[in-house]
Structures are given as C-alpha cells and as structure tokens.
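Report on one structure; see the data block that follows.
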Amino acid sequence: MGKIGFTTTVPVEVILAAGLTPADLNNIFITRDDPGDVVDRAEALGFPRTTCGWIKGIYLCAKEAGINKIVSVTQGDCSNTHALMELWQADGMNIMPFAYPYDRDRDLLKLQVRKLMDALGTSEEKTKKVFRGLVPLRKKLKRVDDMTWKDGRVTGAENHLWLVSASDFDGDRENFEARLDRFLAEAEKRESRSPMGRDALGAPKESGSPRGRTLRKPPSVRLGYIGVPPIFSDLYETVERAGARVVFNEVQRQFSMLHDTGDLYEQYARYTYPYDVFGRIRDIARQIKLRRIDGIIHYCQSFCFRAIEDLIIRRELKLPVLTIEGDRPGPVDARTRIRLEGFVEMLGDMK
Amino acid sequence: MTRAGMDLGSRQVKIVLAKGGEIALKKSFDTAAFYKEYGSIKGGLLSVEFTRLGLPGRSTGGVTLTVTGYGRNAVKVTGAKVISEVKAHAAGATWQTGLNDFVLLDIGGQDTKVAKVSGGRMEDFIMNDKCAASSGRYIENMGSVLQMPIDEMSRHFENPAQLSATCAIFGESEIIQKMTEGTPPGEIAAGVNLSVVKRVLPMLARFPDGPVVFAGGVAQNAAVTYFIKDRTGREVIVVPEPVYNGAIGCAYL
C-alpha cells in the first residue's frame with residue numbers, strides 16, 4: 001500500500017477508502033530518535049531559524065521516509081505550509097492541496113473532501129463505509145479520554161499519545177486498535193486516582209524507604225492543555241512532578257474526532273482546530289466546566305500566528321492561563337519548567 | 001525560632017535570617033563563586049553545606065530553611081523546603097510593604113516577573129520570554145559598553161536616546177553607533193533604562209489595577225522606576241530591600 005503523507009489532520013477516511021496508508025508527518029517527525037537533529041539539518045539547508053520547528057522537521061521527514069505524495073493543508077493550519085508545499089513541489093514531490101473553509105461552509109468543505117476522493121481515486125460510498133467502520137474505534141478513544149478526566153486511570157501523557165495518534169492511527173489501523181484494546185483492558189484495572197478531582201482522594205499514600213517514609217499526596221491540580229501538541233518531550237511528566245494532572249488535551253481530542261455526528265462531512269465541520277478561534281474557545285470553555293479544570297496551559301509554537309490568538313483566549317477564558325512557548329524538540333527548558341512549577345503551585349494554593 | 005530564606009539567583013545567591021519580625025542577617029554571594037566555594041557534588045547534585053556559610057548550623061535545630069531561585073532544582077540544600085520564585089517574591093513583597101492587594105514587578109538578573117496579588121494571595125503571574133532584553137543583565141552589559149558604572153546608569157532618565165534593537169546582545173552595536181554619532185553617554189544610558197521599561201509595560205498592562213510593588217536588583221535603578229511611573233501613571237512602591245525580596249519571602253512563608 002502506498003503511503004500518503006499529510007501536514008495536519010485531514011479526513012483520514014478518504015485515504016483509508018483509497019486503500020492507502022495514512023502518515024501524519026508530524027507524528028513521524030516527533031517520534032523519531034533524532035527530531036532535534038532533523039531541525040538542525042533543515043536549518044543547514046537554509047530554513048530560517050525564526051520559523052516553526054514542526055515545518056522544518058516535517059520537510060525532511062517526508063523525504064527521508066520515502067513519502068512522495070502529500071496532502072498539504074493550505075487553509076486551516078498555517079501559511080508556512082504554503083511555502084513548505086512549494087518547496088516539496090520544487091523537489092519534485094506530488095502535492096495535493098486541501099483547504100478547510102474558514103467560515104465552515106458545508107458546501108465548500110464537501111467539495112474539498114470530494115476533490116480529495118477524486119485525487120486519491122476513491123468514492124464517497126467507500127469513504128462513508130470507512131467512516132461508519134471507524135465509529136467503534138473512535139468510541140474506544142472516547143473511553144481513553146473519559147478515563148483521563150472522570151477517574152484519572154489514564155494519565156495526561158497517555159491521553160495525549162492515544163489521541164494525537166488518531167490522525168493516522170500510526171499508519172496501521174488494525175494494529176492500532178489491537179494495541180488500544182490491550183491498553184484499555186490494562187487501564188480499566190488501575191486504581192482510580194481522583195474521582196473528578198474532589199477531595200475524594202483518600203488518605204495520602206505512604207511511599208519511600210521504610211526509614212525515610214514520606215507522605216505523598218496524589219496530584220490534585222487539574223489542568224487543561226490547549227494549543228497544538230507540544231514539541232517538548234517531557235511536558236506531561238514535568239507537570240505531574242509539579243503536582244498536577246492534565247485532564248484535557250484540546251487539539252489532540254479534536255484530532256481524534258470524538259464527537260459522534262453520524263455524518264462524515266459534519267464530523268469535519270464540527271472539528272474546531274482549522275476554523276476560527278471562537279469555536280475553539282467555546283469547546284474549551286465547555287470542557288473546563290465539565291472537567292472541573294483549575295487552570296489552562298496554552299502552548300504556542302515559537303513564531304506561530306496562534307500566539308496572537310492567545311490574546312483572545314486570555315480575554316475569553318475566565319480562569320488562570322499560563323502561556324508557554326516551545327521552539328525545538330527536546331525536554332522542557334529550565335525557564336519553562338519554573339513557570340510550570342510556579343503555575344501549579346499557585347493553583348494548588350488557590351484551591 | 002530562626003527562619004532562613006535562600007534565593008539561588010542567576011547572578012547572586014541571597015540569604016536572609018529572620019527572627020520574629022526582624023531581619024537578623026542578610027548576605028549575598030556571587031553565584032558562580034558561591035557554588036565553587038560552598039558547593040560539592042553529591043549523588044549528581046550540587047550540595048551546599050549550610051554551616052560552612054558562617055550561618056547557624058541547622059543540625060542544632062531551631063532553624064528552618066526555605067529555598068527558591070533558578071538553582072533550586074539543580075542544587076540540593078539538605079532538609080530545605082523548595083518553593084517557586086513567583087511565590088517567594090510575592091510573599092517577600094507582601095511582608096516588606098504590608099500590602100495585600102498589589103501588582104508585583106520583579107526585575108532580576110535574567111528575568112522579569114509580574115504577579116497579581118489579591119487579599120495576600122497570588123492570583124496570576126506572567127514572566128518574560130526567553131530573552132534578556134528586559135533584565136538587569138541587559139543594563140549591566142550596556143553599562144560595560146558605555147564604560148559607565150551601574151549606579152551611574154541608573155541616574156539617567158533625561159532625553160533618552162531612541163534604541164531600536166530588541167536584543168540584549170545586538171544592543172551593544174547600536175550603542176557603539178550612537179556613541180560614534182556623538183549622542184551623550186547619559187542620553188544613551190537613559191535610552192537603555194527606557195528600553196527595559198518598554199519591555200515591561202505590556203506585562204504590567206495585563207494587570208491594570210492596584211499599585212505596582214517593585215522588587216529585584218533593577219528596582220534600585222531610579223531611572224527605571226521613574227519611567228514606570230511616567231509611562232503607566234500608576235503608584236510605584238520600591239520595596240526597602242529589593243535584592244533580598246525573594247529570600248525574605250522564603251524566610252517568612
């Protein structure tokens with residue numbers, strides 16, 4: 001099966017219906033052993049230092065993974081993708097543009113999805129069949145999400161990994177689902193960590209050596225993570241060490257299309273990420289209330305236009321927001337870590 | 001009961017001993033010299049021996065120690081409680097001013113923090129980006145280019161030269177250019193002070209209500225204080241011990 005790369009989430013159903021293998025280039029980039037090295041090499045080729053690390057990373061990853069057909073999202077993600085697409089074209093790669101209409105126009109969206117079907121040589125009927133076939137898998141992903149915020153049996157990091165991987169199912173849907181089944185079976189057996197974050201945490205557990213027993217309280221600050229997935233390798237661990245849990249991953253959850261719409265086109269019309277920020281804010285605000293979130297971490301990629309949207313997000317969300325910025329792949333830097341720790345400490349004191 | 005606070009800053013390590021409501025002792029060390037002199041690597045972490053600092057030994061009991069600052073994660077100070085900088089500085093400012101509702105502005109060696117304190121509790125905070133253009137180190141560097149001592153730098157606020165560089169390093173070449181154009185050094189110094197304030201203004205604008213309580217080494221710079229008052233129209237209160245504010249907060253938390 002041929003591989004089709006894409007620059008951000010696209011209707012994966014179309015790719016699967018065409019009998020092709022979906023490959024989210026972002027996932028390929030960030031799960032490599034050497035993502036930092038890829039960025040260095042892209043810069044050595046002339047990419048400006050002051051551009052998005054993801055763009056630099058996926059440029060080379062696509063080429064090195066032998067992918068030469070790419071669906072490039074020209075509207076609904078970022079304008080850097082335009083230049084990236086042109087660079088790939090100049091390199092002789094086969095590029096298929098895909099545009100999410102800014103105003104969520106259903107007709108235009110339908111047209112874009114149908115054009116993609118034509119380009120990949122599949123039909124609406126086959127695509128809708130795949131769409132229906134994915135419903136049980138998406139329900140399982142919803143279970144992962146529910147177990148993250150309802151009873152804490154799934155960690156923020158696990159939630160992130162499963163949901164972010166749903167854009168391409170790691171290129172092997174059957175294997176992905178089998179692994180997901182095993183994960184769910186294991187997670188169901190775990191002890192509930194914090195039912196809805198109330199003080200039903202039980203007594204603090206004892207840990208440590210018999211001589212130096214210390215009382216360790218389970219993390220109680222409930223955080224929401226919004227913005228694109230982090231380029232940092234240990235953000236969730238850093239937050240957990242500071243005494244908080246991420247119970248909501250905004251964009252990752254959007255990538256996995258957990259909203260049951262019953263219709264292929266409607267699923268991508270309700271998907272918030274590629275459209276205006278206000279739809280995102282409505283979704284975030286609903287989840288803050290539902291999941292009893294104490295504070296929000298807004299992640300912005302360095303040099304990204306979404307840092308401007310931070311102004312609106314801060315104005316609209318009525319709870320503390322910490323905005324952090326990541327540039328290159330690697331662990332959370334010392335400055336960001338002290339901000340995260342200070343934020344968690346402050347929220348803990350406010351509770 | 002003696003309470004000790006230690007602020008492991010990027011430029012200086014500050015230590016405060018507090019007995020009752022009084023600051024019994026305050027001491028500062030150059031950060032690099034401090035780690036060389038008093039630190040030793042134990043189990044992969046830099047360990048600091050408290051007694052060697054010439055301070056009362058904690059092994060005899062009766063002294064609690066709270067630590068903050070950049071070094072707090074990398075340095076092991078045996079038995080110490082560790083808190084974040086923002087919390088330490090907010091507590092220090094509360095103790096030093098007796099105020100419960102204010103906006104804290106801390107400009108230190110490498111970073112700037114702005115925190116909103118309401119009813120004696122920190123409600124929200126922001127910190128500068130990964131950039132030293134609004135820090136004490138920027139003023140120091142520019143002072144060395146101008147060959148002007150730091151206390152003289154802080155006296156200049158009239159006719160600030162317009163500086164456009166947004167970077168603490170590239171700023172040096174801009175200053176050289178101003179000098180070759182014949183701009184008086186005092187006006188360049190005023191421009192340096194103003195450029196720090198311009199970086200800080202958007203952060204202060206995030207929390208528009210209440211007086212500004214100014215702490216950190218740069219709070220000793222009268223020109224910076226003048227520009228903050230001038231550009232915001234807000235009341236600016238400089239804490240009595242700006243450099244020791246974080247350590248004081250540690251001692252009194």
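To be explicit about the labels: the chains of the structure tokens are called A, B, and onward in the order shown, and within each one the residues are counted from 1, while ligands get numbers from 1 in the order they are shown.
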> Taking only C-alpha atoms into account, what are the residues of chain B at most 7 Å from chain A, put as a ChimeraX atom specification?
Replying inline: /B:84,86,122,124
Using C-alpha atoms, can you write the selected residues to a file as a tab-separated table (two decimals), in the first residue's frame?
chain	number	residue	atom	x	y	z
B	84	SER	CA	8.89	28.75	43.24
B	86	VAL	CA	6.96	33.87	41.98
B	122	MET	CA	-1.11	35.37	44.29
B	124	ASP	CA	-1.95	35.12	38.40
>> When you look at Val135 in chain A with a cut-off of 9 Å (counting only C-alpha atoms), what residues show up, excluding the ones that are within fewer than 4 positions of it in the same chain? I need them as a list of chain:residue names.
In response: A:Val130, A:Phe131, A:Lys139, A:Lys140, A:Asp260, A:Gly262
Would you put the residues from that selection into a file with C-alpha atoms, as a short mmCIF file (atom, residue, chain, number, x, y, z; two decimals), in the first residue's frame?
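Now in result.cif:
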data_model
loop_
_atom_site.label_atom_id
_atom_site.label_comp_id
_atom_site.auth_asym_id
_atom_site.auth_seq_id
_atom_site.Cartn_x
_atom_site.Cartn_y
_atom_site.Cartn_z
CA VAL A 130 -14.84 3.57 6.29
CA PHE A 131 -16.38 6.40 8.32
CA LYS A 139 -15.71 5.18 20.86
CA LYS A 140 -12.72 3.40 22.36
CA ASP A 260 -20.44 11.45 17.32
CA GLY A 262 -23.25 10.36 12.34
#
Within 12 Å of Ala119 in chain A using only C-alpha atoms, minus same-chain residues under 6 positions, as a list in words: Ile4, Val14, Ile15, Ala18, Lys69, Ile70, Val71, Asn94, Ile95, Met96, Pro97, Phe98, Gln112 and Val113 of chain A
Since we have the selection now, will you write its residues out, keeping C-alpha atoms, as a compact mmCIF listing (two decimals), in the first residue's frame?
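Saved as result.txt:
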# COMPACT_ATOMS: atom_id res chain seq x y z
CA ILE A 4 0.11 9.34 1.77
CA VAL A 14 -10.68 9.14 2.35
CA ILE A 15 -7.11 7.85 2.49
CA ALA A 18 -8.47 4.58 -1.28
CA LYS A 69 2.57 12.04 -2.16
CA ILE A 70 1.43 14.61 0.36
CA VAL A 71 -1.91 16.17 1.21
CA ASN A 94 3.34 15.11 -5.68
CA ILE A 95 1.29 17.61 -3.64
CA MET A 96 -2.46 17.65 -3.16
CA PRO A 97 -3.74 20.83 -1.51
CA PHE A 98 -6.64 20.60 0.94
CA GLN A 112 -12.82 19.76 -0.77
CA VAL A 113 -13.42 16.26 0.62
#### Entry: Expected answer as an MDAnalysis selection string: strand (DSSP E) residues in range 52-197 of chain B
chainID B and resid 63:68 75:76 81:82 102:107 112:118 121:127
For Glu125 in chain A, the closest of A:Ile281, A:Leu264, A:Ala307, A:Met147 counting only C-alpha atoms is A:Leu264
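In this model, the gap between CA of Arg292 in chain A and CA of Arg193 in chain A comes to 15.1 Å.
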* To do: Please identify all polymer residues within 8 Å of range 99-104 of chain A, counting only C-alpha atoms, omitting same-chain residues fewer than 2 positions from it, and present them as a list in words.
  =>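 Listed by chain and then number, they are Val73, Thr74, Gln75, Gly76, Pro97, Arg106, Leu108, Leu109, Gln112, Ala269, Pro274, Tyr275 and Asp276 of chain A.
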Export N, CA and C atoms of the chosen residues as a short mmCIF file (atom, residue, chain, number, x, y, z; two decimals), in the first residue's frame?
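So the final result, stored in out_6.cif, reads:
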data_model
loop_
_atom_site.label_atom_id
_atom_site.label_comp_id
_atom_site.auth_asym_id
_atom_site.auth_seq_id
_atom_site.Cartn_x
_atom_site.Cartn_y
_atom_site.Cartn_z
N VAL A 73 -2.30 20.87 3.83
CA VAL A 73 -3.45 21.69 4.25
C VAL A 73 -3.10 23.16 4.09
N THR A 74 -3.74 23.78 3.09
CA THR A 74 -3.39 25.15 2.74
C THR A 74 -4.27 26.18 3.44
N GLN A 75 -5.38 25.74 4.00
CA GLN A 75 -6.21 26.66 4.77
C GLN A 75 -6.69 25.91 6.00
N GLY A 76 -6.57 26.54 7.16
CA GLY A 76 -6.98 25.87 8.38
C GLY A 76 -5.79 25.44 9.21
N PRO A 97 -3.31 19.86 -2.51
CA PRO A 97 -3.74 20.83 -1.51
C PRO A 97 -5.13 20.49 -0.95
N ARG A 106 -20.38 24.41 4.67
CA ARG A 106 -20.54 22.96 4.48
C ARG A 106 -20.34 22.55 3.01
N LEU A 108 -18.57 24.06 0.62
CA LEU A 108 -17.16 24.14 0.23
C LEU A 108 -16.35 23.00 0.84
N LEU A 109 -16.70 22.66 2.08
CA LEU A 109 -15.99 21.58 2.76
C LEU A 109 -16.24 20.26 2.02
N GLN A 112 -14.24 20.07 -1.05
CA GLN A 112 -12.82 19.76 -0.77
C GLN A 112 -12.64 18.26 -0.52
N ALA A 269 -16.85 19.37 9.84
CA ALA A 269 -17.35 20.74 10.02
C ALA A 269 -17.35 21.10 11.51
N PRO A 274 -9.26 23.73 12.61
CA PRO A 274 -8.89 24.51 11.42
C PRO A 274 -9.71 25.77 11.19
N TYR A 275 -10.70 26.01 12.04
CA TYR A 275 -11.56 27.17 11.80
C TYR A 275 -11.21 28.29 12.78
N ASP A 276 -12.17 29.21 12.99
CA ASP A 276 -11.88 30.38 13.82
C ASP A 276 -11.64 30.01 15.28
#
One decimal place gives the CA of Gln287 in chain A-CA of Leu235 in chain A separation as 20.8 Å
Could you pull out all residues of range 160-314 of chain A with a DSSP call of helix (DSSP H, G or I) and give them as a ChimeraX atom specification? /A:160-167,169-171,173-188,195-197,235-241,250-255,264-270,277-290,306-314
What lies within 7 Å of range 249-253 of chain B using only C-alpha atoms, ignoring chain neighbours under 2 positions off, as a compact mmCIF listing (two decimals) with N, CA and C atoms, in the first residue's frame?
# COMPACT_ATOMS: atom_id res chain seq x y z
N ARG B 3 14.28 31.61 61.10
CA ARG B 3 13.86 31.13 59.77
C ARG B 3 14.84 31.68 58.75
N ALA B 4 15.32 30.79 57.90
CA ALA B 4 16.28 31.22 56.89
C ALA B 4 15.65 31.10 55.51
N GLY B 5 15.96 32.08 54.66
CA GLY B 5 15.49 32.05 53.28
C GLY B 5 16.69 32.17 52.36
N MET B 6 16.70 31.38 51.29
CA MET B 6 17.83 31.42 50.36
C MET B 6 17.30 31.53 48.93
N VAL B 16 18.88 35.23 53.86
CA VAL B 16 18.31 36.08 54.90
C VAL B 16 17.98 35.21 56.12
N LEU B 17 18.32 35.71 57.29
CA LEU B 17 17.91 35.04 58.54
C LEU B 17 16.89 35.95 59.22
N ALA B 18 15.77 35.39 59.59
CA ALA B 18 14.73 36.19 60.23
C ALA B 18 14.42 35.63 61.60
N THR B 66 14.07 27.70 53.74
CA THR B 66 13.27 27.63 52.51
C THR B 66 14.10 28.21 51.38
N VAL B 67 14.08 27.51 50.26
CA VAL B 67 14.94 27.88 49.13
C VAL B 67 14.11 28.17 47.89
N ALA B 88 7.79 33.09 46.20
CA ALA B 88 8.72 33.71 47.15
C ALA B 88 8.69 35.23 47.02
N HIS B 89 8.71 35.72 45.78
CA HIS B 89 8.73 37.17 45.58
C HIS B 89 7.42 37.82 46.00
N ALA B 91 5.46 36.74 48.34
CA ALA B 91 5.45 36.73 49.81
C ALA B 91 6.39 37.81 50.36
N GLY B 92 7.55 37.95 49.73
CA GLY B 92 8.51 38.97 50.16
C GLY B 92 7.93 40.37 50.04
N ASN B 245 14.39 40.48 48.27
CA ASN B 245 12.95 40.24 48.37
C ASN B 245 12.57 38.74 48.31
N GLY B 246 13.20 38.00 47.41
CA GLY B 246 12.89 36.57 47.28
C GLY B 246 13.30 35.79 48.52
N ALA B 247 14.49 36.12 49.02
CA ALA B 247 14.98 35.42 50.22
C ALA B 247 14.12 35.77 51.43
Review point. With only C-alpha atoms as the atoms that count, which of B:Val200, B:Val13, B:Val192, B:Val75 lies nearest to Gly43 in chain B?
Key: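 Under the stated criterion, the closest residue is B:Val75.
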Note to self: Quick check, in Å to one decimal: how far apart do CA of Glu241 in chain B and CA of Leu99 in chain B lie?
What the structure shows: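 According to the coordinates, CA of Glu241 in chain B and CA of Leu99 in chain B are separated by 15.2 Å.
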Just want the 9 Å neighbourhood of Tyr271 in chain A, counted on only C-alpha atoms, with same-chain residues fewer than 4 positions away dropped. Output as a VMD selection string. chain A and resid 254 to 255 257 259 266 to 267 275 280
